[in-house]
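Written below as structure tokens is the structure these notes are about.
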Amino acid sequence: MSARTHRRNLINVIMLGLTGLCTLAAVAVLFFILGYLVWNGGRYIDWDFLTQLPRPVGESGGGMANAIVGSGKLLLVAALAGIPVGFIGGVYLAEFGGKTFTFVVRYTADLLNGVPSIVIGIFAYTVLVLPMQHFSTLAGGLALAVILIPIVLRSTEDFLRAVPQTLREGALALGAPRWKAVITVVIPAAMRGIATGVLLSLARVAGETAPLLFTSFSNRFWSHGWNEPTASLPVMIFTYAISPYDEWRRQAWAAALVLLVLVLFANIGARLILSRKSLSRGF
Amino acid sequence: MPAYQTSLTQIARRRTHAGKFLERLRSGDEIAHMVTLAFAASVLLITFLLVVELGRHSAASWHEFGWRFLVTSVWDPVFGEFGALPFIYGTVVTSAVALIIAVPIGVGAAIFLAELAPPLLSISLTFVIELLAAVPSVVYGLLGIFVLVPLLRSYVEPFLQSTLGFLPFFQGPAYGVGFLAAGVVLAIMVLPFIISISREALLAVPMEQREGALALGSTRWEATWDVVAPYARTGILGSIFLALARALGETMAVTMVIGNDPKISSSLFAPGYTIAAVIANEFTEATDDLYLSALVELGLVLFLVTIIINALARLMILATTRRGTEHP
């Protein structure tokens, strides 16, 4: 073997090895995050953490029950406002849309999806908080809905487009009007995928902090109804993490573990639902 | 053709149009069309409102400072003096650091996943890496404060100082919090975007390209680097732009590790501030209208920059995936 070939082979092995190392590094980061949070947060999670209100500074114990419920309420508002808009809009893009307008909506949705969440927070503040004159669960939930809509819209459209054309033609050939074909045949065929998209979008907004800072704000106590500021897990993690109190920092770790487990379970669950779908289609 | 005849055909045509419309209306299709259209259009409405609101609420600051807002560096809410330069500088520097770290690792990993790994391994590893994108940014911030910052302060920054200390970037006291910490956190956060989109762009390269290069006697690496990667260039570039837009707009993790000090320093060890971080920290404290308006204007700047970069990224990614489908 000539020296040149030898050198080329050496470079080949080194560079390909390096790409493997890059992958290893990226994967290792995730496992480090998971491991560190489980190890660190797991020690501080107990029954009190899940059921008690935050205690004043200096007192030990207490928990984040209000933040857990608050996050749930925010997600509920976001889901109720965002999912229908995203879903029906997605149906339009895939089933009823023309060419130009569909492209414009799709492209705008992609851009809206890329808008920094802090900017969405400013938007929700000027549109909702300023007129209402106070922070509220409603404003926070609607801010999250603005983030949710483009995600649900695009995933719904993609999964509807993946439904074979023959299914639509079959329904139309039986004399069904288009809307009936869409509701009774096309949407059920894509339901699993659409549900996955919705689940993933909820997981995404569940961890959003920036848009909540000045919409739902924060609360040390229970938030009643939908018109009061409310605590939420991400904002609690933020305030507790940058605080100088050890007790608060410990609780931030516990809250981060709760949040991460919820988000990762949603992601893994969604992936499992989808892979079973492609499996059944293969048979 | 006589004029009256033309008009007659026109009327006839209009009649059939109207007839079709009525028929569609009766069958419900026209209603379904209009209802779904309204929901789809709401995306446009929201985006339009977003722009209008940002513009409206930043008008006061714009009238007061004009272009000066972007190039002066005094940020003093007490005296009503607002210059955004330190925040713009911090945003640009942290994003640049993030890309310098994340692009080589991300593209490298994408090459491994697309070209070397067996399909099953590639799919499962990609899934694991995409989970990284699902981790909430506040969790990254938490780990940043308590793991990364002490690590940088005690080991990495002293090491960089002793080896590369002659460069202006690696001078001055090691605080831990600062541009470098924010850049590293951002690098980890944008990595999954670069990897997953670059991998798709590489997978869209036709097999013949690889076979051709290999048949000419190139090694696996040469085929990948000289033939496959250039073919997927636009898609890879798109993924980098997308990552850049993410990095520029990322708020929580950066706010928690950058030190929140509106100063322009050449050293990466020094604390700084970014646009998103100052909005997150000061928005609820903004007591007078001009202060609030200045913060909204920062938001507008961030919005415009990220939207332009995103638009470019989407076009690039669209171009590659289209080209890939042309050669199945």
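Each chain of the structure tokens is named A, B, ... in the order shown, its residues numbered from 1; ligands are numbered from 1 in display order.
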
Select from chain B every residue with an atom at most 6 Å from any atom of chain A, then for each give the shortest pair of atoms and their distance in Å to one decimal, using only C-alpha atoms, rows by chain and rising number, as JSON lines.
{"residue": "B:Asp29", "atom": "CA", "partner": "A:Trp179", "partner_atom": "CA", "distance": 5.6}
{"residue": "B:His33", "atom": "CA", "partner": "A:Phe96", "partner_atom": "CA", "distance": 5.9}
{"residue": "B:Thr36", "atom": "CA", "partner": "A:Tyr92", "partner_atom": "CA", "distance": 5.0}
{"residue": "B:Leu37", "atom": "CA", "partner": "A:Tyr92", "partner_atom": "CA", "distance": 5.9}
{"residue": "B:Phe39", "atom": "CA", "partner": "A:Gly89", "partner_atom": "CA", "distance": 4.8}
{"residue": "B:Ala40", "atom": "CA", "partner": "A:Gly89", "partner_atom": "CA", "distance": 3.8}
{"residue": "B:Leu50", "atom": "CA", "partner": "A:Phe123", "partner_atom": "CA", "distance": 5.9}
{"residue": "B:Ile105", "atom": "CA", "partner": "A:Cys22", "partner_atom": "CA", "distance": 5.1}
{"residue": "B:Gly108", "atom": "CA", "partner": "A:Thr19", "partner_atom": "CA", "distance": 4.4}
{"residue": "B:Ala109", "atom": "CA", "partner": "A:Thr23", "partner_atom": "CA", "distance": 4.3}
{"residue": "B:Phe112", "atom": "CA", "partner": "A:Thr19", "partner_atom": "CA", "distance": 5.2}
{"residue": "B:Ile129", "atom": "CA", "partner": "A:Val27", "partner_atom": "CA", "distance": 5.9}
{"residue": "B:Leu132", "atom": "CA", "partner": "A:Leu30", "partner_atom": "CA", "distance": 6.0}
{"residue": "B:Pro136", "atom": "CA", "partner": "A:Gly207", "partner_atom": "CA", "distance": 4.7}
{"residue": "B:Val139", "atom": "CA", "partner": "A:Ala256", "partner_atom": "CA", "distance": 6.0}
{"residue": "B:Trp221", "atom": "CA", "partner": "A:Asn12", "partner_atom": "CA", "distance": 5.0}
{"residue": "B:Gly249", "atom": "CA", "partner": "A:Pro116", "partner_atom": "CA", "distance": 4.7}
{"residue": "B:Gly299", "atom": "CA", "partner": "A:Val119", "partner_atom": "CA", "distance": 5.7}

Could you pull the residues within 7 Å of stretch 69-72 of chain A, counting only C-alpha atoms, minus those fewer than 6 positions along the same chain, as a short mmCIF file (atom, residue, chain, number, x, y, z; two decimals) with N, CA and C atoms, in the first residue's frame?
data_model
loop_
_atom_site.label_atom_id
_atom_site.label_comp_id
_atom_site.auth_asym_id
_atom_site.auth_seq_id
_atom_site.Cartn_x
_atom_site.Cartn_y
_atom_site.Cartn_z
N THR A 230 -51.60 32.87 38.84
CA THR A 230 -51.43 31.52 39.35
C THR A 230 -49.98 31.09 39.31
N ALA A 231 -49.64 30.21 40.23
CA ALA A 231 -48.31 29.59 40.18
C ALA A 231 -48.31 28.54 39.08
N SER A 232 -47.14 28.25 38.53
CA SER A 232 -47.02 27.16 37.57
C SER A 232 -45.65 26.53 37.76
N LEU A 233 -45.54 25.27 37.41
CA LEU A 233 -44.28 24.55 37.66
C LEU A 233 -43.07 25.25 37.04
#

Report as a VMD selection string all protein, DNA and RNA residues lying within 12 Å of B:Ile188, evaluated on only C-alpha atoms, omitting residues in the same chain fewer than 4 positions from it. (chain A and resid 25 to 30 33) or (chain B and resid 95 97 to 103 105 to 106 129 to 130 132 to 133 135 137 140 to 141 143 to 144 148 181 to 184 192 to 195 243 246 to 247 253 to 254)

Could you take the residues named above and write them with C-alpha atoms, as a CSV table (one decimal), in the first residue's frame?
chain,number,residue,atom,x,y,z
A,25,ALA,CA,-21.6,13.3,23.1
A,26,ALA,CA,-25.1,14.3,22.1
A,27,VAL,CA,-26.7,11.2,23.5
A,28,ALA,CA,-24.6,11.3,26.7
A,29,VAL,CA,-25.9,14.8,27.4
A,30,LEU,CA,-29.5,13.5,27.6
A,33,ILE,CA,-29.5,15.4,32.4
B,95,SER,CA,-25.5,32.7,19.7
B,97,VAL,CA,-20.5,30.8,20.7
B,98,ALA,CA,-23.4,28.3,20.6
B,99,LEU,CA,-23.1,27.8,16.9
B,100,ILE,CA,-19.3,27.4,17.0
B,101,ILE,CA,-19.7,24.6,19.5
B,102,ALA,CA,-22.9,23.0,18.1
B,103,VAL,CA,-22.3,23.0,14.4
B,105,ILE,CA,-20.7,18.3,16.8
B,106,GLY,CA,-24.2,18.4,15.2
B,129,ILE,CA,-31.4,13.1,20.6
B,130,GLU,CA,-34.8,14.6,19.7
B,132,LEU,CA,-33.2,16.7,24.1
B,133,ALA,CA,-35.3,19.2,22.2
B,135,VAL,CA,-36.5,19.2,27.7
B,137,SER,CA,-35.5,25.4,28.8
B,140,TYR,CA,-31.5,23.5,31.1
B,141,GLY,CA,-31.2,26.7,33.1
B,143,LEU,CA,-28.6,22.5,35.3
B,144,GLY,CA,-26.7,25.4,33.9
B,148,LEU,CA,-22.2,24.1,34.3
B,181,ALA,CA,-21.9,29.7,30.1
B,182,ALA,CA,-24.9,31.0,28.1
B,183,GLY,CA,-23.2,29.9,24.8
B,184,VAL,CA,-22.6,26.3,26.1
B,192,PRO,CA,-31.0,18.3,18.4
B,193,PHE,CA,-32.3,20.7,15.7
B,194,ILE,CA,-29.0,20.6,13.8
B,195,ILE,CA,-28.7,16.9,14.1
B,243,ALA,CA,-30.7,26.7,15.3
B,246,ARG,CA,-33.7,29.3,18.3
B,247,ALA,CA,-30.5,30.5,20.0
B,253,ALA,CA,-31.8,29.1,30.2
B,254,VAL,CA,-29.8,32.1,29.1

Apply DSSP to the structure's backbone, then extract all residues of stretch 10-177 of chain A labelled helix (DSSP H, G or I) and return them as an NGL selection string. :A and (10-42 or 47-51 or 65-96 or 100-114 or 117-132 or 137-161 or 165-173)

Taking into account only C-alpha atoms, which residue in the set A:Glu247, A:Leu274, A:Arg168, A:Pro56 is nearest to A:Met191?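 Checking each candidate against A:Met191, we get A:Leu274 as the closest.
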
Residues near A:Ile83, cut-off 8 Å, only C-alpha atoms, skip fewer than 6 positions along chain, as a ChimeraX atom specification: /A:145,148-149,152,198

Write the selection just made, keeping N, CA, C and O atoms, as a PDB file, in the first residue's frame?
ATOM      1  N   ALA A 145     -51.733  28.932  24.210  1.00  0.00           N
ATOM      2  CA  ALA A 145     -52.519  28.508  23.052  1.00  0.00           C
ATOM      3  C   ALA A 145     -51.912  29.046  21.753  1.00  0.00           C
ATOM      4  O   ALA A 145     -51.909  28.354  20.728  1.00  0.00           O
ATOM      5  N   LEU A 148     -49.349  26.804  20.859  1.00  0.00           N
ATOM      6  CA  LEU A 148     -49.892  25.481  20.546  1.00  0.00           C
ATOM      7  C   LEU A 148     -50.469  25.411  19.129  1.00  0.00           C
ATOM      8  O   LEU A 148     -50.285  24.418  18.418  1.00  0.00           O
ATOM      9  N   ILE A 149     -51.170  26.474  18.727  1.00  0.00           N
ATOM     10  CA  ILE A 149     -51.933  26.442  17.469  1.00  0.00           C
ATOM     11  C   ILE A 149     -51.086  26.028  16.257  1.00  0.00           C
ATOM     12  O   ILE A 149     -51.454  25.080  15.558  1.00  0.00           O
ATOM     13  N   VAL A 152     -50.140  22.216  16.380  1.00  0.00           N
ATOM     14  CA  VAL A 152     -51.260  21.298  16.119  1.00  0.00           C
ATOM     15  C   VAL A 152     -51.684  21.391  14.655  1.00  0.00           C
ATOM     16  O   VAL A 152     -51.922  20.383  13.999  1.00  0.00           O
ATOM     17  N   VAL A 198     -51.100  16.341  18.995  1.00  0.00           N
ATOM     18  CA  VAL A 198     -51.683  17.124  20.085  1.00  0.00           C
ATOM     19  C   VAL A 198     -50.916  16.878  21.386  1.00  0.00           C
ATOM     20  O   VAL A 198     -50.562  17.806  22.113  1.00  0.00           O
TER      21      VAL A 198
END

What's around stretch 156-160 of chain A at 6 Å? Count only C-alpha atoms, leave out sequence neighbours fewer than 5 positions away in its own chain, and write the answer as number ranges by chain. A: 90, 94, 190, 193-194

Residues from the last selection, N, CA, C and O atoms, saved as a short mmCIF file (atom, residue, chain, number, x, y, z; two decimals), in the first residue's frame:
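Result went into out-v9.cif, see below:
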data_model
loop_
_atom_site.label_atom_id
_atom_site.label_comp_id
_atom_site.auth_asym_id
_atom_site.auth_seq_id
_atom_site.Cartn_x
_atom_site.Cartn_y
_atom_site.Cartn_z
N GLY A 90 -55.96 22.84 10.38
CA GLY A 90 -55.20 21.79 9.70
C GLY A 90 -56.06 21.02 8.71
O GLY A 90 -55.61 20.66 7.62
N ALA A 94 -55.33 20.58 4.62
CA ALA A 94 -55.15 19.28 3.97
C ALA A 94 -56.32 18.91 3.05
O ALA A 94 -56.12 18.26 2.03
N ALA A 190 -56.67 9.14 10.27
CA ALA A 190 -55.46 9.85 10.69
C ALA A 190 -55.48 10.15 12.18
O ALA A 190 -54.57 10.80 12.70
N GLY A 193 -52.37 9.66 14.52
CA GLY A 193 -51.30 10.62 14.28
C GLY A 193 -51.65 12.00 14.82
O GLY A 193 -50.83 12.66 15.44
N ILE A 194 -52.91 12.40 14.60
CA ILE A 194 -53.33 13.72 15.07
C ILE A 194 -53.24 13.78 16.59
O ILE A 194 -52.75 14.76 17.15
#

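The spacing separating atom CA of B:Arg24 from atom CA of A:Glu169 amounts to 17.3 Å.
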
Leaving out A:Asn66 and any residue of its chain fewer than 5 positions from it, which residues lie within 7 Å of it when counting only C-alpha atoms, given as JSON, numbers by chain? {"A": [53, 221, 222, 231]}

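The space between atom CA of B:Thr224 and atom CA of B:Val107 spans 11.7 Å.
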
With distances taken over only C-alpha atoms, the candidate from B:Ile308, B:Leu25, B:Val227, B:Val128 nearest B:Ala213 is B:Val227

Spatial neighbours of stretch 289-296 of chain B, max dist 12 Å, only C-alpha atoms, sep filter under 6 positions, as a ChimeraX atom specification: /A:118-126,130 /B:50-66,68-70,75-84,87,274-283,302-303

With N, CA and C atoms retained, could you export that selection as a short mmCIF file (atom, residue, chain, number, x, y, z; two decimals), in the first residue's frame?
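And here is the file that came out, result.cif:
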data_model
loop_
_atom_site.label_atom_id
_atom_site.label_comp_id
_atom_site.auth_asym_id
_atom_site.auth_seq_id
_atom_site.Cartn_x
_atom_site.Cartn_y
_atom_site.Cartn_z
N ILE A 118 -40.84 34.36 24.40
CA ILE A 118 -40.90 35.58 25.20
C ILE A 118 -41.68 36.67 24.45
N VAL A 119 -41.55 36.67 23.11
CA VAL A 119 -42.29 37.64 22.30
C VAL A 119 -43.78 37.34 22.35
N ILE A 120 -44.13 36.05 22.34
CA ILE A 120 -45.53 35.66 22.51
C ILE A 120 -46.04 36.17 23.85
N GLY A 121 -45.17 36.13 24.87
CA GLY A 121 -45.54 36.63 26.19
C GLY A 121 -45.87 38.12 26.15
N ILE A 122 -45.04 38.90 25.45
CA ILE A 122 -45.30 40.34 25.32
C ILE A 122 -46.65 40.56 24.64
N PHE A 123 -46.88 39.79 23.58
CA PHE A 123 -48.13 39.90 22.81
C PHE A 123 -49.32 39.64 23.73
N ALA A 124 -49.27 38.54 24.49
CA ALA A 124 -50.38 38.21 25.38
C ALA A 124 -50.56 39.28 26.44
N TYR A 125 -49.43 39.86 26.88
CA TYR A 125 -49.50 40.93 27.88
C TYR A 125 -50.26 42.13 27.31
N THR A 126 -49.88 42.57 26.11
CA THR A 126 -50.52 43.77 25.56
C THR A 126 -51.98 43.52 25.19
N LEU A 130 -53.10 43.90 29.74
CA LEU A 130 -53.31 45.35 29.82
C LEU A 130 -54.80 45.71 29.87
N LEU B 50 -50.04 40.24 16.21
CA LEU B 50 -48.75 40.22 16.92
C LEU B 50 -47.87 41.37 16.44
N VAL B 51 -47.77 41.51 15.12
CA VAL B 51 -46.95 42.57 14.55
C VAL B 51 -47.51 43.93 14.93
N VAL B 52 -48.85 44.09 14.78
CA VAL B 52 -49.48 45.37 15.09
C VAL B 52 -49.26 45.76 16.54
N GLU B 53 -49.47 44.81 17.44
CA GLU B 53 -49.34 45.09 18.87
C GLU B 53 -47.91 45.48 19.25
N LEU B 54 -46.94 44.73 18.71
CA LEU B 54 -45.54 45.05 19.00
C LEU B 54 -45.22 46.44 18.49
N GLY B 55 -45.71 46.76 17.29
CA GLY B 55 -45.44 48.06 16.70
C GLY B 55 -46.08 49.17 17.52
N ARG B 56 -47.35 48.96 17.89
CA ARG B 56 -48.10 49.97 18.61
C ARG B 56 -47.46 50.30 19.95
N HIS B 57 -47.07 49.24 20.68
CA HIS B 57 -46.57 49.48 22.03
C HIS B 57 -45.10 49.88 22.08
N SER B 58 -44.42 49.78 20.93
CA SER B 58 -43.03 50.23 20.95
C SER B 58 -42.90 51.61 20.32
N ALA B 59 -44.03 52.19 19.89
CA ALA B 59 -43.99 53.47 19.19
C ALA B 59 -43.36 54.57 20.02
N ALA B 60 -43.69 54.62 21.31
CA ALA B 60 -43.18 55.70 22.17
C ALA B 60 -41.65 55.69 22.20
N SER B 61 -41.10 54.49 22.36
CA SER B 61 -39.65 54.36 22.41
C SER B 61 -39.03 54.74 21.06
N TRP B 62 -39.71 54.32 19.99
CA TRP B 62 -39.21 54.62 18.65
C TRP B 62 -39.18 56.12 18.41
N HIS B 63 -40.25 56.84 18.83
CA HIS B 63 -40.30 58.28 18.65
C HIS B 63 -39.23 58.98 19.47
N GLU B 64 -38.98 58.47 20.65
CA GLU B 64 -38.02 59.11 21.56
C GLU B 64 -36.58 58.92 21.09
N PHE B 65 -36.25 57.69 20.66
CA PHE B 65 -34.84 57.39 20.40
C PHE B 65 -34.50 57.15 18.92
N GLY B 66 -35.49 56.72 18.13
CA GLY B 66 -35.21 56.42 16.73
C GLY B 66 -34.17 55.33 16.59
N ARG B 68 -31.15 55.56 17.23
CA ARG B 68 -30.20 55.64 18.32
C ARG B 68 -30.38 54.48 19.30
N PHE B 69 -31.63 54.00 19.41
CA PHE B 69 -31.96 52.90 20.32
C PHE B 69 -31.05 51.70 20.09
N LEU B 70 -30.73 51.45 18.83
CA LEU B 70 -29.99 50.24 18.50
C LEU B 70 -28.48 50.39 18.70
N TRP B 75 -28.36 51.94 29.51
CA TRP B 75 -29.69 51.42 29.83
C TRP B 75 -30.00 51.88 31.24
N ASP B 76 -30.69 53.01 31.34
CA ASP B 76 -30.93 53.58 32.65
C ASP B 76 -32.40 53.95 32.82
N PRO B 77 -33.18 53.03 33.40
CA PRO B 77 -34.62 53.27 33.55
C PRO B 77 -34.91 54.48 34.42
N VAL B 78 -34.02 54.80 35.37
CA VAL B 78 -34.31 55.91 36.28
C VAL B 78 -34.32 57.24 35.52
N PHE B 79 -33.34 57.40 34.61
CA PHE B 79 -33.28 58.65 33.85
C PHE B 79 -33.96 58.54 32.48
N GLY B 80 -34.60 57.41 32.25
CA GLY B 80 -35.34 57.25 31.00
C GLY B 80 -34.44 57.21 29.77
N GLU B 81 -33.26 56.65 29.94
CA GLU B 81 -32.32 56.55 28.82
C GLU B 81 -32.20 55.08 28.42
N PHE B 82 -32.56 54.77 27.17
CA PHE B 82 -32.56 53.36 26.79
C PHE B 82 -31.77 53.12 25.50
N GLY B 83 -30.68 52.36 25.61
CA GLY B 83 -29.91 51.97 24.44
C GLY B 83 -29.77 50.45 24.46
N ALA B 84 -29.99 49.82 23.33
CA ALA B 84 -30.10 48.36 23.32
C ALA B 84 -28.80 47.65 22.98
N PHE B 87 -27.47 44.54 24.87
CA PHE B 87 -28.33 43.36 24.76
C PHE B 87 -28.17 42.70 23.38
N THR B 274 -28.81 39.44 27.45
CA THR B 274 -29.34 39.31 26.10
C THR B 274 -30.71 39.99 26.02
N ILE B 275 -31.18 40.18 24.80
CA ILE B 275 -32.48 40.83 24.59
C ILE B 275 -33.58 40.09 25.34
N ALA B 276 -33.63 38.75 25.10
CA ALA B 276 -34.70 37.97 25.70
C ALA B 276 -34.60 38.01 27.22
N ALA B 277 -33.37 37.98 27.74
CA ALA B 277 -33.19 37.94 29.20
C ALA B 277 -33.65 39.24 29.85
N VAL B 278 -33.35 40.37 29.22
CA VAL B 278 -33.74 41.63 29.84
C VAL B 278 -35.26 41.78 29.82
N ILE B 279 -35.90 41.30 28.76
CA ILE B 279 -37.37 41.35 28.74
C ILE B 279 -37.92 40.50 29.89
N ALA B 280 -37.38 39.28 30.02
CA ALA B 280 -37.89 38.38 31.06
C ALA B 280 -37.70 38.98 32.45
N ASN B 281 -36.57 39.63 32.68
CA ASN B 281 -36.28 40.13 34.03
C ASN B 281 -36.99 41.43 34.35
N GLU B 282 -37.13 42.33 33.36
CA GLU B 282 -37.54 43.68 33.71
C GLU B 282 -38.97 44.02 33.31
N PHE B 283 -39.61 43.13 32.54
CA PHE B 283 -40.92 43.50 31.99
C PHE B 283 -41.93 43.82 33.09
N LEU B 302 -36.14 41.50 18.32
CA LEU B 302 -35.93 40.07 18.39
C LEU B 302 -36.86 39.34 17.42
N PHE B 303 -38.13 39.78 17.39
CA PHE B 303 -39.12 39.17 16.51
C PHE B 303 -38.70 39.29 15.05
#

So what do you get for atom CA of B:Leu142 versus atom CA of A:Tyr245, distance-wise?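 Between these atoms lies a distance of 14.3 Å.
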
I need the residue nearest A:His224 from this list: A:Ser2, A:Thr137, A:Ala78, A:Pro54. Use only C-alpha atoms for the distance. A:Thr137
